[in-house]
Amino acid sequence: MTTDRHQDPGFVRRMFEGIAGRYDLANHVLSFGIDGLWRRRAAAIVGGAGARRVLDVATGSGDLALAIVRACPHAYVMGVDFCEPMLEVARAKGVPNLALADALSLPFADGSFEAVTVAFGLRNMASWEAGLKEMRRVLAPGGLLLVMDFSLPAFGPLRMAYRLYLHRVLPRLAGALTGKPEAYAYLGESIEGFPRGEAMLEMVARCGFRDSSLSPLAMGVAAITTARRDG
Ligand SMILES: C[S@@+](CC[C@H](N)C(=O)[O-])C[C@H]1O[C@@H](n2cnc3c(N)ncnc32)[C@H](O)[C@@H]1O
């Protein structure tokens with residue numbers, strides 16, 4: 001477990017309570033509208049895996065869960081989050097099954113799902129490995145894990161430009177959009193500290209997954225990691 005603020009569950013929950021009403025707007029503006037494309041790509045991977053029971057962890061305002069509902073119309077899709085105001089936004093958008101729950105202690109039996117997804121949520125958990133192990137627990141053997149999160153471009157000049165945006169521009173813009181500058185003050189720091197590339201694949205393997213692979217999004221600004229539950 002960590003003592004970083006962006007991984008402190010009380011701080012994280014309060015932060016999302018404060019921005020729930022403006023979270024989607026901030027997302028779309030700050031990502032120049034491409035977050036929808038990323039979510040559709042993630043949903044297509046879940047659809048391609050043929051999963052019939054899907055859990056979206058840290059579902060927030062429900063955009064990935066909704067994209068999965070559209071990509072997998074016959075699947076049962078459940079979203080969980082520990083921040084009720086974020087779930088209210090998801091509910092209003094029509095996410096069919098939602099529950100208030102902590103990702104580190106999911107209220108589901110072992111092996112309940114054929115796919116588990118988490119988008120931009122693992123990074124804020126008190127322990128990334130505990131979060132991944134809990135997702136593994138509720139996955140059936142061979143089930144699909146999909147983690148989508150921010151990363152850093154590998155190409156030097158692009159990485160420099162992105163860091164400038166991340167640390168200087170984004171916090172100010174996000175603060176103006178949400179009225180809560182403090183909610184975005186730790187975003188850059190949390191992205192810098194989050195495992196990427198090989199480190200991400202190694203972490204996933206340590207947590208009991210096999211066949212992991214990584215696809216960069218927008219030249220490495222974000223990435224989708226997929227893996228299969230072993231056993
Ligand atoms: C950046 S939002 C991502 C929301 C959504 N997945 C998306 O792609 O837009 C992060 C979400 O993770 C949730 N979260 C963070 N830690 C959590 C935990 N331990 N258990 C459940 N939800 C958590 C927050 O409440 C917040 O709604």
# chains A, B, ... in the order shown; residues from 1 in each chain; ligands from 1
>>> closest_atom_pairs(of="chain A", to="ligand 1", cutoff="9 Å", atoms="only C-alpha atoms and all ligand atoms", output="tab-separated table")
residue	atom	partner	partner_atom_place_in_ligand_line	distance
A:Gln7	CA	ligand 1	16 (N)	7.7
A:Asp8	CA	ligand 1	16 (N)	8.7
A:Pro9	CA	ligand 1	19 (N)	6.3
A:Val12	CA	ligand 1	15 (C)	6.3
A:Arg13	CA	ligand 1	25 (O)	5.3
A:Arg14	CA	ligand 1	25 (O)	8.4
A:Met15	CA	ligand 1	25 (O)	8.2
A:Phe16	CA	ligand 1	25 (O)	5.6
A:Glu17	CA	ligand 1	25 (O)	7.7
A:Ala20	CA	ligand 1	27 (O)	7.9
A:Tyr23	CA	ligand 1	9 (O)	8.0
A:Asp24	CA	ligand 1	9 (O)	7.4
A:Asn27	CA	ligand 1	9 (O)	7.5
A:Asp35	CA	ligand 1	8 (O)	8.3
A:Arg39	CA	ligand 1	8 (O)	7.4
A:Asp56	CA	ligand 1	6 (N)	7.5
A:Val57	CA	ligand 1	21 (C)	6.6
A:Ala58	CA	ligand 1	22 (N)	3.9
A:Thr59	CA	ligand 1	6 (N)	4.0
A:Gly60	CA	ligand 1	27 (O)	3.4
A:Ser61	CA	ligand 1	4 (C)	5.9
A:Gly62	CA	ligand 1	5 (C)	6.0
A:Asp63	CA	ligand 1	9 (O)	5.9
A:Leu64	CA	ligand 1	8 (O)	5.6
A:Ala65	CA	ligand 1	6 (N)	8.0
A:Val80	CA	ligand 1	21 (C)	6.4
A:Asp81	CA	ligand 1	22 (N)	3.8
A:Phe82	CA	ligand 1	21 (C)	4.1
A:Cys83	CA	ligand 1	25 (O)	4.4
A:Glu84	CA	ligand 1	25 (O)	7.9
A:Pro85	CA	ligand 1	27 (O)	8.6
A:Met86	CA	ligand 1	27 (O)	5.5
A:Leu87	CA	ligand 1	27 (O)	7.6
A:Leu100	CA	ligand 1	21 (C)	7.7
A:Ala101	CA	ligand 1	21 (C)	5.8
A:Asp102	CA	ligand 1	20 (N)	3.6
A:Ala103	CA	ligand 1	20 (N)	3.8
A:Leu104	CA	ligand 1	19 (N)	5.7
A:Ser105	CA	ligand 1	20 (N)	8.1
A:Leu106	CA	ligand 1	20 (N)	8.5
A:Thr117	CA	ligand 1	6 (N)	8.6
A:Val118	CA	ligand 1	6 (N)	6.0
A:Ala119	CA	ligand 1	6 (N)	4.3
A:Phe120	CA	ligand 1	3 (C)	4.7
A:Gly121	CA	ligand 1	12 (O)	4.1
A:Leu122	CA	ligand 1	16 (N)	6.8
A:Arg123	CA	ligand 1	15 (C)	7.9
A:Asn124	CA	ligand 1	15 (C)	5.2
A:Met125	CA	ligand 1	16 (N)	4.6
A:Ala126	CA	ligand 1	19 (N)	6.8
A:Ser127	CA	ligand 1	19 (N)	8.6
A:Gly131	CA	ligand 1	19 (N)	7.5
A:Met148	CA	ligand 1	8 (O)	8.0
A:Asp149	CA	ligand 1	8 (O)	8.5
>>> write_last_selection(atoms="C-alpha atoms", output="PDB file, in the first residue's frame")
ATOM      1  CA  GLN A   7      -3.722   6.566  -4.104  1.00  0.00           C
ATOM      2  CA  ASP A   8      -5.361   7.472  -0.782  1.00  0.00           C
ATOM      3  CA  PRO A   9      -8.911   6.009  -1.040  1.00  0.00           C
ATOM      4  CA  VAL A  12      -9.658   9.800  -4.288  1.00  0.00           C
ATOM      5  CA  ARG A  13     -13.337   9.301  -3.415  1.00  0.00           C
ATOM      6  CA  ARG A  14     -13.748  12.924  -2.294  1.00  0.00           C
ATOM      7  CA  MET A  15     -11.938  14.131  -5.402  1.00  0.00           C
ATOM      8  CA  PHE A  16     -14.360  12.289  -7.719  1.00  0.00           C
ATOM      9  CA  GLU A  17     -17.369  13.327  -5.600  1.00  0.00           C
ATOM     10  CA  ALA A  20     -18.621  13.992 -10.869  1.00  0.00           C
ATOM     11  CA  TYR A  23     -15.995  14.706 -15.217  1.00  0.00           C
ATOM     12  CA  ASP A  24     -17.200  13.815 -18.723  1.00  0.00           C
ATOM     13  CA  ASN A  27     -12.410  14.183 -20.155  1.00  0.00           C
ATOM     14  CA  ASP A  35     -11.228   9.221 -25.231  1.00  0.00           C
ATOM     15  CA  ARG A  39     -13.191   3.299 -25.164  1.00  0.00           C
ATOM     16  CA  ASP A  56     -16.088  -2.839 -15.493  1.00  0.00           C
ATOM     17  CA  VAL A  57     -14.170  -1.886 -12.341  1.00  0.00           C
ATOM     18  CA  ALA A  58     -13.901   1.809 -11.326  1.00  0.00           C
ATOM     19  CA  THR A  59     -16.585   2.420 -13.928  1.00  0.00           C
ATOM     20  CA  GLY A  60     -17.017   6.065 -12.909  1.00  0.00           C
ATOM     21  CA  SER A  61     -19.453   7.856 -15.214  1.00  0.00           C
ATOM     22  CA  GLY A  62     -19.863   4.601 -17.156  1.00  0.00           C
ATOM     23  CA  ASP A  63     -18.512   5.458 -20.607  1.00  0.00           C
ATOM     24  CA  LEU A  64     -16.520   2.230 -21.010  1.00  0.00           C
ATOM     25  CA  ALA A  65     -19.389   0.116 -19.617  1.00  0.00           C
ATOM     26  CA  VAL A  80     -18.706  -0.939  -9.947  1.00  0.00           C
ATOM     27  CA  ASP A  81     -17.244   2.156  -8.358  1.00  0.00           C
ATOM     28  CA  PHE A  82     -16.738   3.367  -4.784  1.00  0.00           C
ATOM     29  CA  CYS A  83     -17.955   6.914  -5.527  1.00  0.00           C
ATOM     30  CA  GLU A  84     -21.747   7.217  -5.510  1.00  0.00           C
ATOM     31  CA  PRO A  85     -21.965  10.584  -7.370  1.00  0.00           C
ATOM     32  CA  MET A  86     -19.971   9.064 -10.260  1.00  0.00           C
ATOM     33  CA  LEU A  87     -22.356   6.079 -10.308  1.00  0.00           C
ATOM     34  CA  LEU A 100     -21.206   0.707  -5.092  1.00  0.00           C
ATOM     35  CA  ALA A 101     -18.098  -1.307  -4.267  1.00  0.00           C
ATOM     36  CA  ASP A 102     -14.396  -1.023  -3.572  1.00  0.00           C
ATOM     37  CA  ALA A 103     -12.240  -2.571  -6.268  1.00  0.00           C
ATOM     38  CA  LEU A 104     -10.004  -4.059  -3.585  1.00  0.00           C
ATOM     39  CA  SER A 105     -12.902  -6.035  -2.124  1.00  0.00           C
ATOM     40  CA  LEU A 106     -15.357  -6.873  -4.898  1.00  0.00           C
ATOM     41  CA  THR A 117     -11.990  -4.116 -17.526  1.00  0.00           C
ATOM     42  CA  VAL A 118     -10.611  -1.061 -15.751  1.00  0.00           C
ATOM     43  CA  ALA A 119     -10.113   2.280 -17.492  1.00  0.00           C
ATOM     44  CA  PHE A 120      -8.160   5.089 -15.837  1.00  0.00           C
ATOM     45  CA  GLY A 121      -8.985   3.579 -12.434  1.00  0.00           C
ATOM     46  CA  LEU A 122      -6.178   1.201 -11.459  1.00  0.00           C
ATOM     47  CA  ARG A 123      -3.681   4.088 -11.149  1.00  0.00           C
ATOM     48  CA  ASN A 124      -5.689   5.604  -8.260  1.00  0.00           C
ATOM     49  CA  MET A 125      -6.014   2.401  -6.253  1.00  0.00           C
ATOM     50  CA  ALA A 126      -4.180   2.101  -2.929  1.00  0.00           C
ATOM     51  CA  SER A 127      -2.343  -0.952  -4.279  1.00  0.00           C
ATOM     52  CA  GLY A 131      -6.440  -4.380  -7.370  1.00  0.00           C
ATOM     53  CA  MET A 148      -6.600   1.086 -20.100  1.00  0.00           C
ATOM     54  CA  ASP A 149      -4.647   3.973 -18.619  1.00  0.00           C
TER      55      ASP A 149
END
>>> residues_around(residues="Phe113 (chain A)", least_positions_apart="5", cutoff="7 Å", atoms="only C-alpha atoms", output="number ranges by chain")
A: 53-55, 138-140
>>> residues_around(residues="region 217-224 of chain A", least_positions_apart="4", cutoff="9 Å", atoms="only C-alpha atoms", output="list in words")
Ile34, Trp38, Ala42, Ala119, Leu146, Val147, Met148, Asp149, Phe150, Ser151, Leu152, Pro153, Ala154, Phe155, Leu158, Arg159, Tyr162, Arg196, Gly197 and Ser213 of chain A
>>> select_by_dssp(residues="region 117-178 of chain A", states="helix (DSSP H, G or I)", output="PDB file with N, CA and C atoms, in the first residue's frame")
ATOM      1  N   LEU A 122      -7.180   1.973 -12.219  1.00  0.00           N
ATOM      2  CA  LEU A 122      -6.178   1.201 -11.459  1.00  0.00           C
ATOM      3  C   LEU A 122      -5.136   2.135 -10.824  1.00  0.00           C
ATOM      4  N   ARG A 123      -4.730   3.140 -11.585  1.00  0.00           N
ATOM      5  CA  ARG A 123      -3.681   4.088 -11.149  1.00  0.00           C
ATOM      6  C   ARG A 123      -3.998   4.729  -9.799  1.00  0.00           C
ATOM      7  N   ASN A 124      -5.291   4.940  -9.504  1.00  0.00           N
ATOM      8  CA  ASN A 124      -5.689   5.604  -8.260  1.00  0.00           C
ATOM      9  C   ASN A 124      -5.915   4.630  -7.100  1.00  0.00           C
ATOM     10  N   TRP A 128      -1.877  -1.244  -6.640  1.00  0.00           N
ATOM     11  CA  TRP A 128      -2.173  -1.709  -8.015  1.00  0.00           C
ATOM     12  C   TRP A 128      -2.221  -3.235  -8.033  1.00  0.00           C
ATOM     13  N   GLU A 129      -1.286  -3.853  -7.307  1.00  0.00           N
ATOM     14  CA  GLU A 129      -1.225  -5.324  -7.344  1.00  0.00           C
ATOM     15  C   GLU A 129      -2.423  -5.929  -6.630  1.00  0.00           C
ATOM     16  N   ALA A 130      -2.829  -5.331  -5.509  1.00  0.00           N
ATOM     17  CA  ALA A 130      -4.018  -5.859  -4.806  1.00  0.00           C
ATOM     18  C   ALA A 130      -5.245  -5.711  -5.707  1.00  0.00           C
ATOM     19  N   GLY A 131      -5.313  -4.591  -6.445  1.00  0.00           N
ATOM     20  CA  GLY A 131      -6.440  -4.380  -7.370  1.00  0.00           C
ATOM     21  C   GLY A 131      -6.445  -5.447  -8.461  1.00  0.00           C
ATOM     22  N   LEU A 132      -5.275  -5.711  -9.044  1.00  0.00           N
ATOM     23  CA  LEU A 132      -5.197  -6.709 -10.127  1.00  0.00           C
ATOM     24  C   LEU A 132      -5.515  -8.109  -9.606  1.00  0.00           C
ATOM     25  N   LYS A 133      -5.051  -8.411  -8.390  1.00  0.00           N
ATOM     26  CA  LYS A 133      -5.306  -9.755  -7.833  1.00  0.00           C
ATOM     27  C   LYS A 133      -6.789  -9.951  -7.534  1.00  0.00           C
ATOM     28  N   GLU A 134      -7.446  -8.868  -7.109  1.00  0.00           N
ATOM     29  CA  GLU A 134      -8.890  -8.973  -6.846  1.00  0.00           C
ATOM     30  C   GLU A 134      -9.651  -9.145  -8.170  1.00  0.00           C
ATOM     31  N   MET A 135      -9.189  -8.478  -9.228  1.00  0.00           N
ATOM     32  CA  MET A 135      -9.817  -8.662 -10.553  1.00  0.00           C
ATOM     33  C   MET A 135      -9.594 -10.094 -11.025  1.00  0.00           C
ATOM     34  N   ARG A 136      -8.408 -10.615 -10.758  1.00  0.00           N
ATOM     35  CA  ARG A 136      -8.111 -12.001 -11.146  1.00  0.00           C
ATOM     36  C   ARG A 136      -9.057 -12.960 -10.408  1.00  0.00           C
ATOM     37  N   ARG A 137      -9.287 -12.686  -9.130  1.00  0.00           N
ATOM     38  CA  ARG A 137     -10.143 -13.579  -8.320  1.00  0.00           C
ATOM     39  C   ARG A 137     -11.532 -13.727  -8.940  1.00  0.00           C
ATOM     40  N   VAL A 138     -12.108 -12.602  -9.404  1.00  0.00           N
ATOM     41  CA  VAL A 138     -13.489 -12.673  -9.914  1.00  0.00           C
ATOM     42  C   VAL A 138     -13.548 -13.110 -11.386  1.00  0.00           C
ATOM     43  N   GLY A 156      11.196  10.785 -27.668  1.00  0.00           N
ATOM     44  CA  GLY A 156      11.663  11.888 -26.832  1.00  0.00           C
ATOM     45  C   GLY A 156      10.956  13.230 -26.991  1.00  0.00           C
ATOM     46  N   PRO A 157      10.965  13.820 -28.209  1.00  0.00           N
ATOM     47  CA  PRO A 157      10.366  15.151 -28.362  1.00  0.00           C
ATOM     48  C   PRO A 157       8.869  15.153 -28.035  1.00  0.00           C
ATOM     49  N   LEU A 158       8.203  14.064 -28.407  1.00  0.00           N
ATOM     50  CA  LEU A 158       6.766  13.968 -28.121  1.00  0.00           C
ATOM     51  C   LEU A 158       6.530  13.844 -26.615  1.00  0.00           C
ATOM     52  N   ARG A 159       7.406  13.059 -25.964  1.00  0.00           N
ATOM     53  CA  ARG A 159       7.302  12.897 -24.511  1.00  0.00           C
ATOM     54  C   ARG A 159       7.474  14.252 -23.811  1.00  0.00           C
ATOM     55  N   MET A 160       8.431  15.048 -24.315  1.00  0.00           N
ATOM     56  CA  MET A 160       8.667  16.371 -23.706  1.00  0.00           C
ATOM     57  C   MET A 160       7.443  17.265 -23.858  1.00  0.00           C
ATOM     58  N   ALA A 161       6.879  17.250 -25.081  1.00  0.00           N
ATOM     59  CA  ALA A 161       5.714  18.102 -25.339  1.00  0.00           C
ATOM     60  C   ALA A 161       4.530  17.645 -24.486  1.00  0.00           C
ATOM     61  N   TYR A 162       4.371  16.323 -24.381  1.00  0.00           N
ATOM     62  CA  TYR A 162       3.250  15.786 -23.606  1.00  0.00           C
ATOM     63  C   TYR A 162       3.419  16.129 -22.119  1.00  0.00           C
ATOM     64  N   ARG A 163       4.665  16.039 -21.623  1.00  0.00           N
ATOM     65  CA  ARG A 163       4.917  16.364 -20.207  1.00  0.00           C
ATOM     66  C   ARG A 163       4.573  17.832 -19.925  1.00  0.00           C
ATOM     67  N   LEU A 164       4.882  18.680 -20.879  1.00  0.00           N
ATOM     68  CA  LEU A 164       4.578  20.103 -20.728  1.00  0.00           C
ATOM     69  C   LEU A 164       3.055  20.287 -20.601  1.00  0.00           C
ATOM     70  N   TYR A 165       2.335  19.602 -21.474  1.00  0.00           N
ATOM     71  CA  TYR A 165       0.863  19.666 -21.450  1.00  0.00           C
ATOM     72  C   TYR A 165       0.331  19.114 -20.121  1.00  0.00           C
ATOM     73  N   LEU A 166       0.878  17.960 -19.738  1.00  0.00           N
ATOM     74  CA  LEU A 166       0.406  17.244 -18.550  1.00  0.00           C
ATOM     75  C   LEU A 166       0.629  18.030 -17.263  1.00  0.00           C
ATOM     76  N   HIS A 167       1.812  18.619 -17.136  1.00  0.00           N
ATOM     77  CA  HIS A 167       2.168  19.260 -15.863  1.00  0.00           C
ATOM     78  C   HIS A 167       1.818  20.742 -15.826  1.00  0.00           C
ATOM     79  N   ARG A 168       1.789  21.394 -16.995  1.00  0.00           N
ATOM     80  CA  ARG A 168       1.578  22.852 -16.996  1.00  0.00           C
ATOM     81  C   ARG A 168       0.189  23.248 -17.477  1.00  0.00           C
ATOM     82  N   VAL A 169      -0.254  22.659 -18.596  1.00  0.00           N
ATOM     83  CA  VAL A 169      -1.497  23.131 -19.231  1.00  0.00           C
ATOM     84  C   VAL A 169      -2.714  22.444 -18.626  1.00  0.00           C
ATOM     85  N   LEU A 170      -2.655  21.101 -18.595  1.00  0.00           N
ATOM     86  CA  LEU A 170      -3.820  20.316 -18.186  1.00  0.00           C
ATOM     87  C   LEU A 170      -4.375  20.695 -16.793  1.00  0.00           C
ATOM     88  N   PRO A 171      -3.534  20.819 -15.750  1.00  0.00           N
ATOM     89  CA  PRO A 171      -4.106  21.134 -14.437  1.00  0.00           C
ATOM     90  C   PRO A 171      -4.882  22.460 -14.432  1.00  0.00           C
ATOM     91  N   ARG A 172      -4.377  23.445 -15.164  1.00  0.00           N
ATOM     92  CA  ARG A 172      -5.058  24.756 -15.198  1.00  0.00           C
ATOM     93  C   ARG A 172      -6.377  24.652 -15.948  1.00  0.00           C
ATOM     94  N   LEU A 173      -6.324  23.985 -17.114  1.00  0.00           N
ATOM     95  CA  LEU A 173      -7.512  23.845 -17.952  1.00  0.00           C
ATOM     96  C   LEU A 173      -8.575  23.028 -17.214  1.00  0.00           C
ATOM     97  N   ALA A 174      -8.138  21.921 -16.616  1.00  0.00           N
ATOM     98  CA  ALA A 174      -9.074  21.043 -15.902  1.00  0.00           C
ATOM     99  C   ALA A 174      -9.660  21.765 -14.693  1.00  0.00           C
ATOM    100  N   GLY A 175      -8.833  22.540 -14.024  1.00  0.00           N
ATOM    101  CA  GLY A 175      -9.305  23.299 -12.863  1.00  0.00           C
ATOM    102  C   GLY A 175     -10.383  24.279 -13.285  1.00  0.00           C
ATOM    103  N   ALA A 176     -10.179  24.934 -14.431  1.00  0.00           N
ATOM    104  CA  ALA A 176     -11.158  25.911 -14.914  1.00  0.00           C
ATOM    105  C   ALA A 176     -12.453  25.201 -15.320  1.00  0.00           C
ATOM    106  N   LEU A 177     -12.327  24.021 -15.936  1.00  0.00           N
ATOM    107  CA  LEU A 177     -13.521  23.306 -16.413  1.00  0.00           C
ATOM    108  C   LEU A 177     -14.353  22.736 -15.268  1.00  0.00           C
ATOM    109  N   THR A 178     -13.678  22.233 -14.239  1.00  0.00           N
ATOM    110  CA  THR A 178     -14.403  21.547 -13.155  1.00  0.00           C
ATOM    111  C   THR A 178     -14.600  22.427 -11.926  1.00  0.00           C
TER     112      THR A 178
END
>>> closest_residue(among="A:Gly143, A:Gly10, A:Gly188, A:Gly18", to="Arg52 (chain A)", atoms="only C-alpha atoms")
A:Gly143
>>> atom_distance(atom1="CA of Val116 (chain A)", atom2="CA of Leu144 (chain A)")
6.3 Å
>>> select_by_dssp(residues="region 141-194 of chain A", states="strand (DSSP E or B)", output="MDAnalysis selection string")
chainID A and resid 141:150
>>> atom_distance(atom1="CA of Leu214 (chain A)", atom2="CA of Ala183 (chain A)")
28.2 Å
>>> closest_residue(among="A:Gly142, A:Glu182, A:Asn97, A:Arg40", to="Ile19 (chain A)", atoms="only C-alpha atoms")
A:Glu182
>>> closest_residue(among="A:Phe194, A:Tyr186, A:Phe11, A:Phe108", to="Met78 (chain A)", atoms="only C-alpha atoms")
A:Phe108
>>> atom_distance(atom1="CA of Ala44 (chain A)", atom2="CA of Ser31 (chain A)")
20.0 Å
>>> closest_residue(among="A:Met203, A:Ile191, A:Ala92, A:Ala75", to="Ala49 (chain A)", atoms="only C-alpha atoms")
A:Ala75
